[in-house]
Each structure stands twice: as C-alpha cells, then as structure tokens.
>>> print(open('coords-v4.cif').read())   # mmCIF, C-alpha atoms
data_input
#
loop_
_atom_site.label_atom_id
_atom_site.label_comp_id
_atom_site.auth_asym_id
_atom_site.auth_seq_id
_atom_site.Cartn_x
_atom_site.Cartn_y
_atom_site.Cartn_z
CA MET A 531 -165.48 -24.59 -4.12
CA VAL A 532 -169.15 -24.31 -3.19
CA VAL A 533 -170.00 -21.51 -0.76
CA ILE A 534 -173.28 -21.43 1.18
CA ARG A 535 -174.35 -17.97 2.27
CA ARG A 536 -177.37 -15.86 3.01
CA VAL A 537 -179.03 -14.10 0.12
CA VAL A 538 -178.01 -10.48 -0.39
CA GLU A 539 -179.48 -7.78 -2.63
CA LYS A 540 -177.15 -8.55 -5.55
CA ASP A 541 -178.58 -12.12 -5.69
CA VAL A 542 -182.20 -11.13 -6.28
CA GLU A 543 -182.31 -11.42 -10.08
CA ARG A 544 -180.29 -14.64 -10.27
CA LEU A 545 -182.28 -16.18 -7.42
CA ALA A 546 -185.54 -15.20 -9.13
CA THR A 547 -184.44 -17.19 -12.18
CA LEU A 548 -183.58 -20.20 -10.02
CA MET A 549 -186.89 -19.96 -8.14
CA LYS A 550 -188.82 -19.80 -11.42
CA GLU A 551 -187.12 -23.03 -12.51
CA TYR A 552 -188.02 -24.61 -9.17
CA ILE A 553 -191.67 -23.52 -9.38
CA VAL A 554 -192.30 -24.18 -13.08
CA ASP A 555 -189.87 -26.85 -14.23
CA PHE A 556 -189.54 -28.92 -11.06
CA TYR A 557 -192.99 -28.61 -9.49
CA HIS A 558 -194.89 -27.99 -12.75
CA GLN A 559 -196.81 -25.02 -11.36
CA PRO A 560 -198.00 -22.08 -13.43
CA GLU A 561 -195.31 -19.49 -14.03
CA PRO A 562 -195.76 -16.56 -11.66
CA PRO A 563 -194.96 -13.06 -12.90
CA ARG A 564 -191.25 -12.39 -12.41
CA LYS A 565 -191.99 -9.25 -10.41
CA GLU A 566 -193.90 -11.40 -7.86
CA ILE A 567 -190.89 -13.69 -7.43
CA VAL A 568 -188.59 -10.68 -7.04
CA SER A 569 -190.99 -9.04 -4.57
CA HIS A 570 -191.11 -12.21 -2.50
CA ILE A 571 -187.33 -12.47 -2.32
CA GLU A 572 -187.11 -8.80 -1.36
CA LEU A 573 -189.79 -9.25 1.32
CA VAL A 574 -187.78 -11.96 3.07
CA LEU A 575 -184.55 -10.04 2.57
CA ALA A 576 -186.04 -6.87 4.08
CA ASP A 577 -187.50 -8.57 7.16
CA PRO A 578 -185.33 -11.35 8.62
CA SER A 579 -187.94 -11.98 11.32
CA LYS A 580 -190.02 -13.63 8.57
CA GLY A 581 -187.25 -16.00 7.54
CA VAL A 582 -184.07 -16.36 5.57
CA GLN A 583 -182.87 -17.63 2.22
CA TYR A 584 -179.53 -19.27 1.52
CA VAL A 585 -177.83 -19.80 -1.82
CA ALA A 586 -175.16 -22.24 -2.89
CA GLU A 587 -172.67 -20.48 -5.13
CA GLU A 588 -169.63 -21.60 -7.06
CA GLN A 589 -167.60 -19.38 -9.39
CA ASN A 590 -170.30 -16.68 -9.32
CA ARG A 591 -173.00 -19.17 -10.36
CA LEU A 592 -175.97 -20.13 -8.16
CA LEU A 593 -176.34 -23.89 -7.82
CA GLY A 594 -179.30 -24.01 -5.45
CA PHE A 595 -181.19 -22.32 -2.66
CA ALA A 596 -183.04 -22.95 0.57
CA THR A 597 -185.82 -20.94 2.17
CA ILE A 598 -186.75 -20.97 5.86
CA TYR A 599 -189.83 -19.24 7.21
CA VAL A 600 -190.14 -18.50 10.91
CA THR A 601 -193.45 -19.19 12.64
CA PHE A 602 -194.67 -20.24 16.08
CA SER A 603 -195.38 -23.54 17.74
CA THR A 604 -198.24 -23.43 20.22
CA LEU A 605 -197.33 -26.88 21.54
CA LYS A 606 -193.75 -25.80 22.30
CA LEU A 607 -194.54 -22.10 22.99
CA LYS A 608 -191.53 -20.99 20.98
CA LYS A 609 -190.63 -19.89 17.50
CA THR A 610 -189.99 -22.67 15.01
CA ALA A 611 -188.77 -22.87 11.43
CA ILE A 612 -190.26 -24.31 8.29
CA LEU A 613 -187.86 -25.37 5.57
CA ASN A 614 -190.15 -24.41 2.73
CA ASP A 615 -187.73 -24.90 -0.16
CA LEU A 616 -184.53 -26.80 -0.78
CA TYR A 617 -183.59 -26.91 -4.44
CA VAL A 618 -180.39 -27.81 -6.24
CA LEU A 619 -179.99 -27.62 -10.01
CA PRO A 620 -180.14 -31.15 -11.47
CA MET A 621 -176.55 -31.03 -12.77
CA ASN A 622 -175.28 -30.28 -9.24
CA ARG A 623 -177.14 -32.99 -7.34
CA GLY A 624 -175.03 -35.67 -5.71
CA ASN A 625 -172.24 -33.19 -4.98
CA LYS A 626 -173.24 -32.44 -1.35
CA VAL A 627 -174.76 -29.05 -2.29
CA GLY A 628 -178.14 -30.01 -0.81
CA GLU A 629 -176.46 -31.28 2.36
CA LYS A 630 -174.58 -28.01 2.78
CA LEU A 631 -177.75 -25.97 2.28
CA PHE A 632 -179.61 -28.16 4.77
CA GLN A 633 -176.82 -27.87 7.34
CA SER A 634 -176.89 -24.08 7.01
CA CYS A 635 -180.61 -24.19 7.80
CA GLU A 636 -179.95 -26.35 10.86
CA THR A 637 -177.29 -23.89 12.01
CA TYR A 638 -179.73 -21.00 11.59
CA VAL A 639 -182.29 -22.80 13.79
CA LYS A 640 -179.71 -23.38 16.54
CA GLU A 641 -178.26 -19.87 16.39
CA HIS A 642 -181.72 -18.29 16.64
CA ASP A 643 -182.90 -20.57 19.46
CA LEU A 644 -185.80 -21.94 17.42
CA VAL A 645 -187.56 -25.02 18.72
CA GLY A 646 -187.10 -27.03 15.54
CA LEU A 647 -187.14 -27.37 11.80
CA SER A 648 -189.92 -29.01 9.83
CA TRP A 649 -190.41 -29.57 6.13
CA GLU A 650 -192.48 -31.51 3.65
CA THR A 651 -192.01 -33.02 0.25
CA ALA A 652 -194.23 -34.62 -2.35
CA THR A 653 -195.24 -38.20 -1.61
CA GLU A 654 -193.80 -39.32 -4.95
CA ASN A 655 -190.48 -37.49 -4.47
CA GLU A 656 -188.50 -40.48 -3.21
CA VAL A 657 -185.17 -38.77 -3.90
CA ALA A 658 -186.05 -35.99 -1.45
CA GLN A 659 -187.46 -38.45 1.08
CA ASN A 660 -184.21 -40.44 1.02
CA PHE A 661 -182.19 -37.22 1.30
CA TYR A 662 -184.14 -36.02 4.35
CA LYS A 663 -183.86 -39.43 5.98
CA LYS A 664 -180.09 -39.30 5.42
CA MET A 665 -180.04 -35.84 7.04
CA GLY A 666 -181.65 -37.27 10.19
CA GLY A 667 -185.25 -36.36 9.42
CA GLU A 668 -188.10 -38.52 10.62
CA LYS A 669 -191.61 -38.70 9.25
CA SER A 670 -194.00 -36.71 11.38
CA ARG A 671 -196.98 -38.27 13.05
CA TRP A 672 -198.99 -35.30 11.75
CA LEU A 673 -200.85 -35.27 8.45
CA HIS A 674 -200.70 -32.27 6.16
CA TYR A 675 -203.92 -30.85 4.71
CA GLU A 676 -204.49 -28.01 2.28
CA LYS A 677 -207.37 -26.34 0.54
#
>>> encode(input="coords-v4.cif", output="structure tokens")
Amino acid sequence: MVVIRRVVEKDVERLATLMKEYIVDFYHQPEPPRKEIVSHIELVLADPSKGVQYVAEEQNRLLGFATIYVTFSTLKLKKTAILNDLYVLPMNRGNKVGEKLFQSCETYVKEHDLVGLSWETATENEVAQNFYKKMGGEKSRWLHYEK
C-alpha cells in the first residue's frame, strides 16, 4: 500500500537520489553536487515556513515526491503555495501515486489557510498537462518569464 507522508530526516539520502533522477534524467539538467541536493532538502525540513516536501512510499521504497514552497500573493494579500515539483518514478506512473501526492499538497494548502496552489510544467510535457487538467487545474491567464 502506498503511503503519502511528509519528509522526515531519515528520508534525506533516499530523497536526494530521487531528486537527482528528477533533475538529471527527467529534466536533463546538469547534475548538481549531491551535498547541494541534501542541503536543500534539509533547508526545507528545518524551516516549514518555507515549504514542505511529501514522499510516496511503499514497502520502504520511495516512489515519488512533491515539493511546495510558500510565498505571498500581493493580489490576494495572503500566503500562497507553489507546487514546484511533482515527480513519480516511471515504473509507478498510472497507479494513482501522483494523484495522492497532489491531493496531499491540496490538503496542506487548506490546512494552512493558503490562498491557493499554482504550478507550471514544460509546454511539451503533455502527460503532466493532462494530469493537472484531470486534477482540476486550469491554465493561468498569466505568462511565465525567466532569465
């Protein structure tokens, strides 16, 4: 049975491995030093006001993770959440693991009285776009820029 729970200290090393796969294998980004991944996980773990990470676990094996960062919305004058990461190992996709992770993030937003949850995905990632649509997400009227 798949269990969704918040990350705890004992998860750091296993989650770092999963995050490396997400960064390098899935998004084809340069491999960051492992100690930077570990430090990032520990930063969020040490200060829940910054956000939260969830893992999906089955039989002591991590199947996926989600990361929420807390920020502010000037337009709503309240705290809001950004779902920065939602990743499920390829062999576990289609088994509702992503849905369970997403629902945990929605619960976090409600329980912490945040104004909403926003996220983004690559324009070519149609699988994720269909998933988010299924989860009730709507495309924003805002454009995303980066430099």
>>> atom_distance(input="coords-v4.cif", atom1="atom CA of Pro560 of chain A", atom2="atom CA of Val582 of chain A")
24.2 Å
>>> residues_near_point(input="coords-v4.cif", point="(-187.8, -15.2, 7.8)", cutoff="10 Å", atoms="all atoms listed in the file", output="count of residues only")
18
>>> axis_aligned_box(input="coords-v4.cif", around="segment 594-600 of chain A", padding_each_side="3 Å", output="JSON")
{"center_x": -184.7, "center_y": -21.3, "center_z": 2.7, "size_x": 16.8, "size_y": 11.5, "size_z": 22.4}
>>> closest_residue(input="coords-v4.cif", among="A:Trp672, A:Thr610, A:Glu551, A:Ala596", to="Lys640 of chain A", atoms="all atoms listed in the file")
A:Thr610
>>> atom_distance(input="coords-v4.cif", atom1="atom CA of Lys608 of chain A", atom2="atom CA of Val639 of chain A")
11.8 Å
>>> closest_atom_pairs(input="coords-v4.cif", of="segment 540-566 of chain A", to="segment 615-638 of chain A", cutoff="9 Å", atoms="all atoms listed in the file", output="CSV")
residue,atom,partner,partner_atom,distance
A:Leu548,CA,A:Leu619,CA,8.2
A:Met549,CA,A:Tyr617,CA,8.5
A:Glu551,CA,A:Leu619,CA,8.8
A:Tyr552,CA,A:Tyr617,CA,6.9
>>> atom_distance(input="coords-v4.cif", atom1="atom CA of Val533 of chain A", atom2="atom CA of Glu587 of chain A")
5.2 Å
>>> decode(input="coords-v4.cif", residues="segment 640-652 of chain A", atoms="all heavy atoms", output="PDB file, in the first residue's frame")
ATOM      1  N   LYS A 640      -5.105  23.874   2.222  1.00  0.00           N
ATOM      2  CA  LYS A 640      -6.323  24.124   3.003  1.00  0.00           C
ATOM      3  C   LYS A 640      -6.026  24.214   4.496  1.00  0.00           C
ATOM      4  O   LYS A 640      -6.508  25.114   5.183  1.00  0.00           O
ATOM      5  CB  LYS A 640      -7.344  23.021   2.741  1.00  0.00           C
ATOM      6  CG  LYS A 640      -7.937  23.075   1.354  1.00  0.00           C
ATOM      7  CD  LYS A 640      -8.845  21.896   1.085  1.00  0.00           C
ATOM      8  CE  LYS A 640      -9.258  21.891  -0.374  1.00  0.00           C
ATOM      9  NZ  LYS A 640      -9.832  20.623  -0.793  1.00  0.00           N
ATOM     10  N   GLU A 641      -5.238  23.284   4.999  1.00  0.00           N
ATOM     11  CA  GLU A 641      -4.943  23.247   6.434  1.00  0.00           C
ATOM     12  C   GLU A 641      -4.135  24.451   6.902  1.00  0.00           C
ATOM     13  O   GLU A 641      -4.195  24.823   8.072  1.00  0.00           O
ATOM     14  CB  GLU A 641      -4.187  21.962   6.789  1.00  0.00           C
ATOM     15  CG  GLU A 641      -5.047  20.732   6.747  1.00  0.00           C
ATOM     16  CD  GLU A 641      -4.277  19.445   7.007  1.00  0.00           C
ATOM     17  OE1 GLU A 641      -3.019  19.472   7.054  1.00  0.00           O
ATOM     18  OE2 GLU A 641      -4.944  18.407   7.167  1.00  0.00           O
ATOM     19  N   HIS A 642      -3.381  25.073   6.009  1.00  0.00           N
ATOM     20  CA  HIS A 642      -2.552  26.220   6.376  1.00  0.00           C
ATOM     21  C   HIS A 642      -3.150  27.542   5.906  1.00  0.00           C
ATOM     22  O   HIS A 642      -2.472  28.570   5.908  1.00  0.00           O
ATOM     23  CB  HIS A 642      -1.124  26.026   5.858  1.00  0.00           C
ATOM     24  CG  HIS A 642      -0.403  24.937   6.581  1.00  0.00           C
ATOM     25  ND1 HIS A 642      -0.556  23.601   6.262  1.00  0.00           N
ATOM     26  CD2 HIS A 642       0.423  24.987   7.646  1.00  0.00           C
ATOM     27  CE1 HIS A 642       0.176  22.882   7.100  1.00  0.00           C
ATOM     28  NE2 HIS A 642       0.772  23.695   7.949  1.00  0.00           N
ATOM     29  N   ASP A 643      -4.419  27.496   5.492  1.00  0.00           N
ATOM     30  CA  ASP A 643      -5.157  28.692   5.095  1.00  0.00           C
ATOM     31  C   ASP A 643      -4.420  29.508   4.040  1.00  0.00           C
ATOM     32  O   ASP A 643      -4.338  30.740   4.115  1.00  0.00           O
ATOM     33  CB  ASP A 643      -5.484  29.552   6.322  1.00  0.00           C
ATOM     34  CG  ASP A 643      -6.560  30.593   6.019  1.00  0.00           C
ATOM     35  OD1 ASP A 643      -7.430  30.329   5.171  1.00  0.00           O
ATOM     36  OD2 ASP A 643      -6.490  31.691   6.620  1.00  0.00           O
ATOM     37  N   LEU A 644      -3.844  28.818   3.070  1.00  0.00           N
ATOM     38  CA  LEU A 644      -3.164  29.497   1.968  1.00  0.00           C
ATOM     39  C   LEU A 644      -4.201  29.835   0.900  1.00  0.00           C
ATOM     40  O   LEU A 644      -5.209  29.141   0.753  1.00  0.00           O
ATOM     41  CB  LEU A 644      -2.050  28.620   1.403  1.00  0.00           C
ATOM     42  CG  LEU A 644      -0.997  28.172   2.422  1.00  0.00           C
ATOM     43  CD1 LEU A 644       0.034  27.276   1.766  1.00  0.00           C
ATOM     44  CD2 LEU A 644      -0.328  29.352   3.093  1.00  0.00           C
ATOM     45  N   VAL A 645      -3.949  30.887   0.151  1.00  0.00           N
ATOM     46  CA  VAL A 645      -4.925  31.376  -0.800  1.00  0.00           C
ATOM     47  C   VAL A 645      -5.061  30.473  -2.029  1.00  0.00           C
ATOM     48  O   VAL A 645      -6.089  30.466  -2.687  1.00  0.00           O
ATOM     49  CB  VAL A 645      -4.630  32.842  -1.200  1.00  0.00           C
ATOM     50  CG1 VAL A 645      -3.423  32.919  -2.091  1.00  0.00           C
ATOM     51  CG2 VAL A 645      -5.819  33.478  -1.848  1.00  0.00           C
ATOM     52  N   GLY A 646      -4.048  29.686  -2.324  1.00  0.00           N
ATOM     53  CA  GLY A 646      -4.147  28.824  -3.488  1.00  0.00           C
ATOM     54  C   GLY A 646      -2.878  28.038  -3.733  1.00  0.00           C
ATOM     55  O   GLY A 646      -1.920  28.105  -2.964  1.00  0.00           O
ATOM     56  N   LEU A 647      -2.914  27.297  -4.818  1.00  0.00           N
ATOM     57  CA  LEU A 647      -1.808  26.457  -5.226  1.00  0.00           C
ATOM     58  C   LEU A 647      -1.593  26.693  -6.715  1.00  0.00           C
ATOM     59  O   LEU A 647      -2.541  26.609  -7.506  1.00  0.00           O
ATOM     60  CB  LEU A 647      -2.147  24.986  -4.958  1.00  0.00           C
ATOM     61  CG  LEU A 647      -1.112  23.936  -5.321  1.00  0.00           C
ATOM     62  CD1 LEU A 647       0.137  24.092  -4.467  1.00  0.00           C
ATOM     63  CD2 LEU A 647      -1.699  22.532  -5.112  1.00  0.00           C
ATOM     64  N   SER A 648      -0.367  27.012  -7.090  1.00  0.00           N
ATOM     65  CA  SER A 648      -0.068  27.188  -8.510  1.00  0.00           C
ATOM     66  C   SER A 648       1.122  26.309  -8.864  1.00  0.00           C
ATOM     67  O   SER A 648       1.897  25.914  -7.996  1.00  0.00           O
ATOM     68  CB  SER A 648       0.213  28.654  -8.839  1.00  0.00           C
ATOM     69  OG  SER A 648       1.336  29.117  -8.142  1.00  0.00           O
ATOM     70  N   TRP A 649       1.245  26.012 -10.133  1.00  0.00           N
ATOM     71  CA  TRP A 649       2.339  25.173 -10.603  1.00  0.00           C
ATOM     72  C   TRP A 649       2.548  25.435 -12.078  1.00  0.00           C
ATOM     73  O   TRP A 649       1.753  26.098 -12.729  1.00  0.00           O
ATOM     74  CB  TRP A 649       2.053  23.689 -10.332  1.00  0.00           C
ATOM     75  CG  TRP A 649       0.812  23.188 -11.004  1.00  0.00           C
ATOM     76  CD1 TRP A 649       0.710  22.630 -12.246  1.00  0.00           C
ATOM     77  CD2 TRP A 649      -0.524  23.211 -10.480  1.00  0.00           C
ATOM     78  NE1 TRP A 649      -0.595  22.298 -12.527  1.00  0.00           N
ATOM     79  CE2 TRP A 649      -1.369  22.645 -11.465  1.00  0.00           C
ATOM     80  CE3 TRP A 649      -1.079  23.645  -9.291  1.00  0.00           C
ATOM     81  CZ2 TRP A 649      -2.745  22.517 -11.274  1.00  0.00           C
ATOM     82  CZ3 TRP A 649      -2.455  23.514  -9.106  1.00  0.00           C
ATOM     83  CH2 TRP A 649      -3.267  22.953 -10.088  1.00  0.00           C
ATOM     84  N   GLU A 650       3.622  24.899 -12.605  1.00  0.00           N
ATOM     85  CA  GLU A 650       3.909  25.011 -14.025  1.00  0.00           C
ATOM     86  C   GLU A 650       4.508  23.703 -14.500  1.00  0.00           C
ATOM     87  O   GLU A 650       4.981  22.894 -13.707  1.00  0.00           O
ATOM     88  CB  GLU A 650       4.858  26.169 -14.302  1.00  0.00           C
ATOM     89  CG  GLU A 650       6.191  26.031 -13.626  1.00  0.00           C
ATOM     90  CD  GLU A 650       7.067  27.260 -13.769  1.00  0.00           C
ATOM     91  OE1 GLU A 650       6.539  28.378 -13.773  1.00  0.00           O
ATOM     92  OE2 GLU A 650       8.286  27.077 -13.874  1.00  0.00           O
ATOM     93  N   THR A 651       4.466  23.506 -15.785  1.00  0.00           N
ATOM     94  CA  THR A 651       5.113  22.354 -16.386  1.00  0.00           C
ATOM     95  C   THR A 651       5.601  22.761 -17.766  1.00  0.00           C
ATOM     96  O   THR A 651       5.188  23.796 -18.300  1.00  0.00           O
ATOM     97  CB  THR A 651       4.167  21.140 -16.455  1.00  0.00           C
ATOM     98  OG1 THR A 651       4.925  19.982 -16.827  1.00  0.00           O
ATOM     99  CG2 THR A 651       3.034  21.335 -17.442  1.00  0.00           C
ATOM    100  N   ALA A 652       6.476  21.965 -18.311  1.00  0.00           N
ATOM    101  CA  ALA A 652       7.024  22.266 -19.635  1.00  0.00           C
ATOM    102  C   ALA A 652       5.917  22.222 -20.687  1.00  0.00           C
ATOM    103  O   ALA A 652       4.999  21.401 -20.613  1.00  0.00           O
ATOM    104  CB  ALA A 652       8.123  21.267 -19.979  1.00  0.00           C
TER     105      ALA A 652
END
